[in-house]
Amino acid sequence: MDKGTVIVTGANSGIGLACVNELFSAGYDVVALVHTPRPEVSAHFATLNAERHNAIAEFSCDLTDFTAVKDIVTKLRHLPLVGLVNNAGILPQDKLFVMTPLADLEHCFKVNCLSAFNLTQLVVRLMMRDPAKKPKSIVMVSSINALDGYGPVEYAVSKGALISLATKLARELQSSNIRVNSVCPGLTATSFNPEIPAELKKLMQSRSISHNYLTAEQVASTIVYLITPASSGINGQCLQVRN
């Protein structure tokens, strides 16, 4: 089941980890980029590798350290890269726009958007070396907050930028047979949620039909679908995932 390799950022928790598991089950190899390794997750990856040799390669790095990221991507140049999931991000403490320092916006934008921009640029350069131009796919994990206007302004703005980036790249890279889409998850049961104030959670839940949390696996299923050839007719789109 050699379907190629997919890079996933923020891969050792929540939606990122769910993506790794589903991609593995679908027959893909995965490069799991994590900020801080978690022993229990590294052990889980080792178990997957015992089931299928070298299926999961875990690398630790700060995605805002662009030099370190470049060094890692250079090590991947021999792999048959077919996908990239830009999932890593931070959710800052909620506060009013008028009380938000510019430095907070700059930091959040660097982590949530510029790091994805940098990694995508490096990965696309490798993908474009494929003389056969085999189909490839990139997914930007945004947030429903970018569309609904809830949550910290710096989070909404940085996640909204990923939607625009995906739309732009979809047009620019289509001649290289690289699709680019974004996904906007609603309120999802991940480690992010303890940082969301109760009132904001209530507002976000009120926008869903079921008023319930999504699971990380539900969001991952949509992301992995966009990676697979089954979604070949979807490009430059922003898919909302909310129940």
# chains A, B, ... in the order shown; residues from 1 in each chain; ligands from 1
>>> select_by_dssp(residues="stretch 90-144 of chain A", states="strand (DSSP E or B)", output="list in words")
Lys136, Ser137, Ile138, Val139, Met140 and Val141 of chain A
>>> write_last_selection(atoms="N, CA and C atoms", output="short mmCIF file (atom, residue, chain, number, x, y, z; two decimals), in the first residue's frame")
data_model
loop_
_atom_site.label_atom_id
_atom_site.label_comp_id
_atom_site.auth_asym_id
_atom_site.auth_seq_id
_atom_site.Cartn_x
_atom_site.Cartn_y
_atom_site.Cartn_z
N LYS A 136 -0.95 15.72 -6.02
CA LYS A 136 -0.55 16.00 -4.65
C LYS A 136 -1.56 16.96 -4.04
N SER A 137 -1.58 17.02 -2.71
CA SER A 137 -2.60 17.83 -2.05
C SER A 137 -2.05 18.47 -0.77
N ILE A 138 -2.45 19.71 -0.55
CA ILE A 138 -2.07 20.46 0.65
C ILE A 138 -3.34 20.93 1.34
N VAL A 139 -3.39 20.79 2.67
CA VAL A 139 -4.55 21.24 3.43
C VAL A 139 -4.10 22.20 4.53
N MET A 140 -4.72 23.37 4.56
CA MET A 140 -4.50 24.35 5.62
C MET A 140 -5.61 24.19 6.65
N VAL A 141 -5.26 23.92 7.89
CA VAL A 141 -6.27 23.80 8.94
C VAL A 141 -6.51 25.17 9.55
#
>>> select_by_dssp(residues="stretch 59-136 of chain A", states="helix (DSSP H, G or I)", output="PyMOL selection string")
chain A and resi 66-75+97-99+102-127
>>> write_last_selection(atoms="N, CA, C and O atoms", output="short mmCIF file (atom, residue, chain, number, x, y, z; two decimals), in the first residue's frame")
data_model
loop_
_atom_site.label_atom_id
_atom_site.label_comp_id
_atom_site.auth_asym_id
_atom_site.auth_seq_id
_atom_site.Cartn_x
_atom_site.Cartn_y
_atom_site.Cartn_z
N PHE A 66 12.78 28.98 11.14
CA PHE A 66 12.74 28.65 9.72
C PHE A 66 13.99 27.92 9.25
O PHE A 66 13.93 27.09 8.32
N THR A 67 15.11 28.18 9.88
CA THR A 67 16.34 27.47 9.52
C THR A 67 16.24 25.99 9.89
O THR A 67 16.61 25.11 9.11
N ALA A 68 15.73 25.72 11.08
CA ALA A 68 15.57 24.33 11.53
C ALA A 68 14.57 23.59 10.64
O ALA A 68 14.78 22.41 10.31
N VAL A 69 13.50 24.27 10.27
CA VAL A 69 12.49 23.65 9.40
C VAL A 69 13.10 23.31 8.04
O VAL A 69 12.87 22.22 7.48
N LYS A 70 13.91 24.23 7.51
CA LYS A 70 14.56 23.98 6.22
C LYS A 70 15.47 22.76 6.31
O LYS A 70 15.54 21.95 5.38
N ASP A 71 16.18 22.63 7.42
CA ASP A 71 17.07 21.48 7.60
C ASP A 71 16.29 20.17 7.58
O ASP A 71 16.72 19.17 7.00
N ILE A 72 15.12 20.16 8.22
CA ILE A 72 14.30 18.95 8.24
C ILE A 72 13.76 18.63 6.86
O ILE A 72 13.82 17.48 6.40
N VAL A 73 13.26 19.64 6.16
CA VAL A 73 12.70 19.40 4.83
C VAL A 73 13.78 18.89 3.88
O VAL A 73 13.52 18.04 3.02
N THR A 74 15.01 19.38 4.05
CA THR A 74 16.12 18.90 3.21
C THR A 74 16.31 17.39 3.39
O THR A 74 16.62 16.68 2.43
N LYS A 75 16.08 16.91 4.60
CA LYS A 75 16.22 15.47 4.88
C LYS A 75 15.11 14.66 4.21
O LYS A 75 15.23 13.43 4.09
N PHE A 97 -10.34 43.40 21.24
CA PHE A 97 -9.46 43.93 20.20
C PHE A 97 -8.68 45.15 20.71
O PHE A 97 -7.47 45.26 20.49
N VAL A 98 -9.37 46.06 21.41
CA VAL A 98 -8.72 47.30 21.86
C VAL A 98 -7.67 47.03 22.94
O VAL A 98 -6.86 47.91 23.25
N MET A 99 -7.68 45.83 23.50
CA MET A 99 -6.72 45.47 24.55
C MET A 99 -5.66 44.50 24.03
O MET A 99 -4.88 43.96 24.83
N LEU A 102 -0.01 44.75 19.67
CA LEU A 102 0.43 44.37 18.34
C LEU A 102 1.39 43.19 18.40
O LEU A 102 1.39 42.33 17.51
N ALA A 103 2.19 43.13 19.46
CA ALA A 103 3.14 42.03 19.60
C ALA A 103 2.43 40.68 19.68
O ALA A 103 2.94 39.67 19.20
N ASP A 104 1.23 40.66 20.29
CA ASP A 104 0.47 39.41 20.38
C ASP A 104 0.00 38.97 19.00
O ASP A 104 0.02 37.78 18.66
N LEU A 105 -0.43 39.95 18.19
CA LEU A 105 -0.84 39.64 16.82
C LEU A 105 0.34 39.11 16.01
O LEU A 105 0.22 38.11 15.29
N GLU A 106 1.48 39.75 16.15
CA GLU A 106 2.67 39.33 15.40
C GLU A 106 3.08 37.92 15.77
O GLU A 106 3.42 37.10 14.90
N HIS A 107 3.05 37.59 17.07
CA HIS A 107 3.45 36.25 17.51
C HIS A 107 2.48 35.19 16.99
O HIS A 107 2.90 34.16 16.46
N CYS A 108 1.19 35.45 17.16
CA CYS A 108 0.18 34.49 16.72
C CYS A 108 0.23 34.30 15.21
O CYS A 108 0.10 33.18 14.71
N PHE A 109 0.44 35.39 14.49
CA PHE A 109 0.52 35.31 13.03
C PHE A 109 1.74 34.50 12.60
O PHE A 109 1.67 33.71 11.65
N LYS A 110 2.85 34.67 13.31
CA LYS A 110 4.06 33.92 12.96
C LYS A 110 3.86 32.43 13.17
O LYS A 110 4.25 31.61 12.32
N VAL A 111 3.22 32.06 14.27
CA VAL A 111 3.02 30.64 14.58
C VAL A 111 1.95 30.03 13.68
O VAL A 111 2.14 28.96 13.10
N ASN A 112 0.82 30.70 13.55
CA ASN A 112 -0.33 30.11 12.87
C ASN A 112 -0.31 30.25 11.36
O ASN A 112 -0.91 29.44 10.66
N CYS A 113 0.37 31.28 10.85
CA CYS A 113 0.34 31.52 9.40
C CYS A 113 1.71 31.50 8.75
O CYS A 113 1.94 30.77 7.79
N LEU A 114 2.64 32.31 9.26
CA LEU A 114 3.94 32.40 8.60
C LEU A 114 4.69 31.07 8.62
O LEU A 114 5.40 30.73 7.66
N SER A 115 4.54 30.30 9.69
CA SER A 115 5.21 28.99 9.74
C SER A 115 4.64 28.06 8.68
O SER A 115 5.38 27.30 8.05
N ALA A 116 3.32 28.13 8.45
CA ALA A 116 2.70 27.33 7.40
C ALA A 116 3.15 27.81 6.02
O ALA A 116 3.39 27.00 5.11
N PHE A 117 3.24 29.12 5.86
CA PHE A 117 3.73 29.69 4.59
C PHE A 117 5.13 29.17 4.28
O PHE A 117 5.41 28.70 3.17
N ASN A 118 6.01 29.24 5.28
CA ASN A 118 7.40 28.83 5.09
C ASN A 118 7.50 27.34 4.77
O ASN A 118 8.18 26.95 3.80
N LEU A 119 6.84 26.50 5.57
CA LEU A 119 6.91 25.06 5.34
C LEU A 119 6.31 24.69 3.99
O LEU A 119 6.88 23.87 3.25
N THR A 120 5.20 25.29 3.65
CA THR A 120 4.55 24.98 2.37
C THR A 120 5.45 25.35 1.21
O THR A 120 5.57 24.60 0.23
N GLN A 121 6.10 26.49 1.29
CA GLN A 121 7.00 26.90 0.22
C GLN A 121 8.13 25.90 0.03
O GLN A 121 8.45 25.51 -1.11
N LEU A 122 8.70 25.44 1.13
CA LEU A 122 9.80 24.47 1.05
C LEU A 122 9.31 23.14 0.49
O LEU A 122 9.97 22.52 -0.36
N VAL A 123 8.14 22.69 0.94
CA VAL A 123 7.61 21.40 0.50
C VAL A 123 7.18 21.46 -0.97
O VAL A 123 7.43 20.52 -1.74
N VAL A 124 6.57 22.56 -1.36
CA VAL A 124 6.13 22.69 -2.75
C VAL A 124 7.33 22.63 -3.71
O VAL A 124 7.24 22.03 -4.79
N ARG A 125 8.44 23.21 -3.31
CA ARG A 125 9.63 23.15 -4.16
C ARG A 125 10.07 21.71 -4.39
O ARG A 125 10.54 21.36 -5.49
N LEU A 126 9.93 20.86 -3.36
CA LEU A 126 10.24 19.44 -3.54
C LEU A 126 9.20 18.77 -4.41
O LEU A 126 9.53 17.96 -5.29
N MET A 127 7.92 19.07 -4.16
CA MET A 127 6.85 18.46 -4.93
C MET A 127 6.96 18.77 -6.42
O MET A 127 6.69 17.92 -7.28
#
>>> closest_residue(among="A:Ala50, A:Val82, A:Leu76, A:Ala43", to="A:Asp2", atoms="only C-alpha atoms")
A:Val82
>>> closest_residue(among="A:Pro131, A:Pro152, A:Gly14, A:Gly89", to="A:Ala189", atoms="only C-alpha atoms")
A:Gly14
>>> residues_around(residues="A:Glu40", least_positions_apart="3", cutoff="12 Å", atoms="only C-alpha atoms", output="MDAnalysis selection string")
chainID A and resid 12:13 17 37 43:47
>>> write_last_selection(atoms="C-alpha atoms", output="JSON list (two decimals), in the first residue's frame")
[["chain", "number", "residue", "atom", "x", "y", "z"],
["A", 12, "ASN", "CA", 1.25, 14.46, 18.48],
["A", 13, "SER", "CA", -2.12, 15.60, 19.80],
["A", 17, "LEU", "CA", -2.56, 12.92, 15.80],
["A", 37, "PRO", "CA", 7.68, 15.03, 21.78],
["A", 43, "ALA", "CA", 5.64, 4.94, 21.68],
["A", 44, "HIS", "CA", 2.42, 4.82, 19.67],
["A", 45, "PHE", "CA", 4.33, 5.78, 16.52],
["A", 46, "ALA", "CA", 6.83, 3.00, 17.29],
["A", 47, "THR", "CA", 3.94, 0.54, 17.46]]
>>> residues_around(residues="A:Ala166", least_positions_apart="6", cutoff="9 Å", atoms="only C-alpha atoms", output="number ranges by chain")
A: 138-140, 179-182, 235-238
>>> atom_distance(atom1="atom CA of A:Gln240", atom2="atom CA of A:Gly186")
7.5 Å
>>> residues_around(residues="A:Ser142", least_positions_apart="3", cutoff="12 Å", atoms="only C-alpha atoms", output="MDAnalysis selection string")
chainID A and resid 15 85:91 112:113 116 139 145:147 155:166 181:186 219 223 237:241
>>> write_last_selection(atoms="C-alpha atoms", output="CSV table (one decimal), in the first residue's frame")
chain,number,residue,atom,x,y,z
A,15,ILE,CA,-6.5,16.8,15.2
A,85,VAL,CA,-1.3,19.1,6.4
A,86,ASN,CA,-0.6,22.4,8.1
A,87,ASN,CA,-2.3,21.8,11.4
A,88,ALA,CA,0.0,23.3,14.1
A,89,GLY,CA,-1.1,26.4,15.8
A,90,ILE,CA,-1.7,28.3,19.0
A,91,LEU,CA,-4.8,29.7,20.6
A,112,ASN,CA,-0.3,30.1,12.9
A,113,CYS,CA,0.3,31.5,9.4
A,116,ALA,CA,2.7,27.3,7.4
A,139,VAL,CA,-4.5,21.2,3.4
A,145,ASN,CA,-13.5,31.4,14.2
A,146,ALA,CA,-12.0,32.9,11.1
A,147,LEU,CA,-15.5,33.0,9.6
A,155,TYR,CA,-6.4,33.9,16.3
A,156,ALA,CA,-9.2,34.7,13.9
A,157,VAL,CA,-7.0,36.9,11.7
A,158,SER,CA,-4.1,34.4,11.5
A,159,LYS,CA,-6.4,31.5,10.7
A,160,GLY,CA,-8.3,33.6,8.2
A,161,ALA,CA,-5.0,34.2,6.4
A,162,LEU,CA,-4.6,30.5,5.8
A,163,ILE,CA,-7.9,30.4,3.9
A,164,SER,CA,-6.7,33.2,1.6
A,165,LEU,CA,-3.3,31.4,1.2
A,166,ALA,CA,-5.0,28.2,0.2
A,181,ASN,CA,-7.7,23.5,0.2
A,182,SER,CA,-8.5,24.8,3.7
A,183,VAL,CA,-10.6,23.3,6.5
A,184,CYS,CA,-12.5,25.2,9.2
A,185,PRO,CA,-13.3,23.0,12.1
A,186,GLY,CA,-16.0,24.0,14.6
A,219,VAL,CA,-12.2,16.7,11.5
A,223,ILE,CA,-8.7,16.5,6.1
A,237,GLN,CA,-12.2,25.5,-1.4
A,238,CYS,CA,-12.8,26.2,2.3
A,239,LEU,CA,-14.7,23.3,3.9
A,240,GLN,CA,-16.5,23.9,7.1
A,241,VAL,CA,-16.6,21.0,9.5
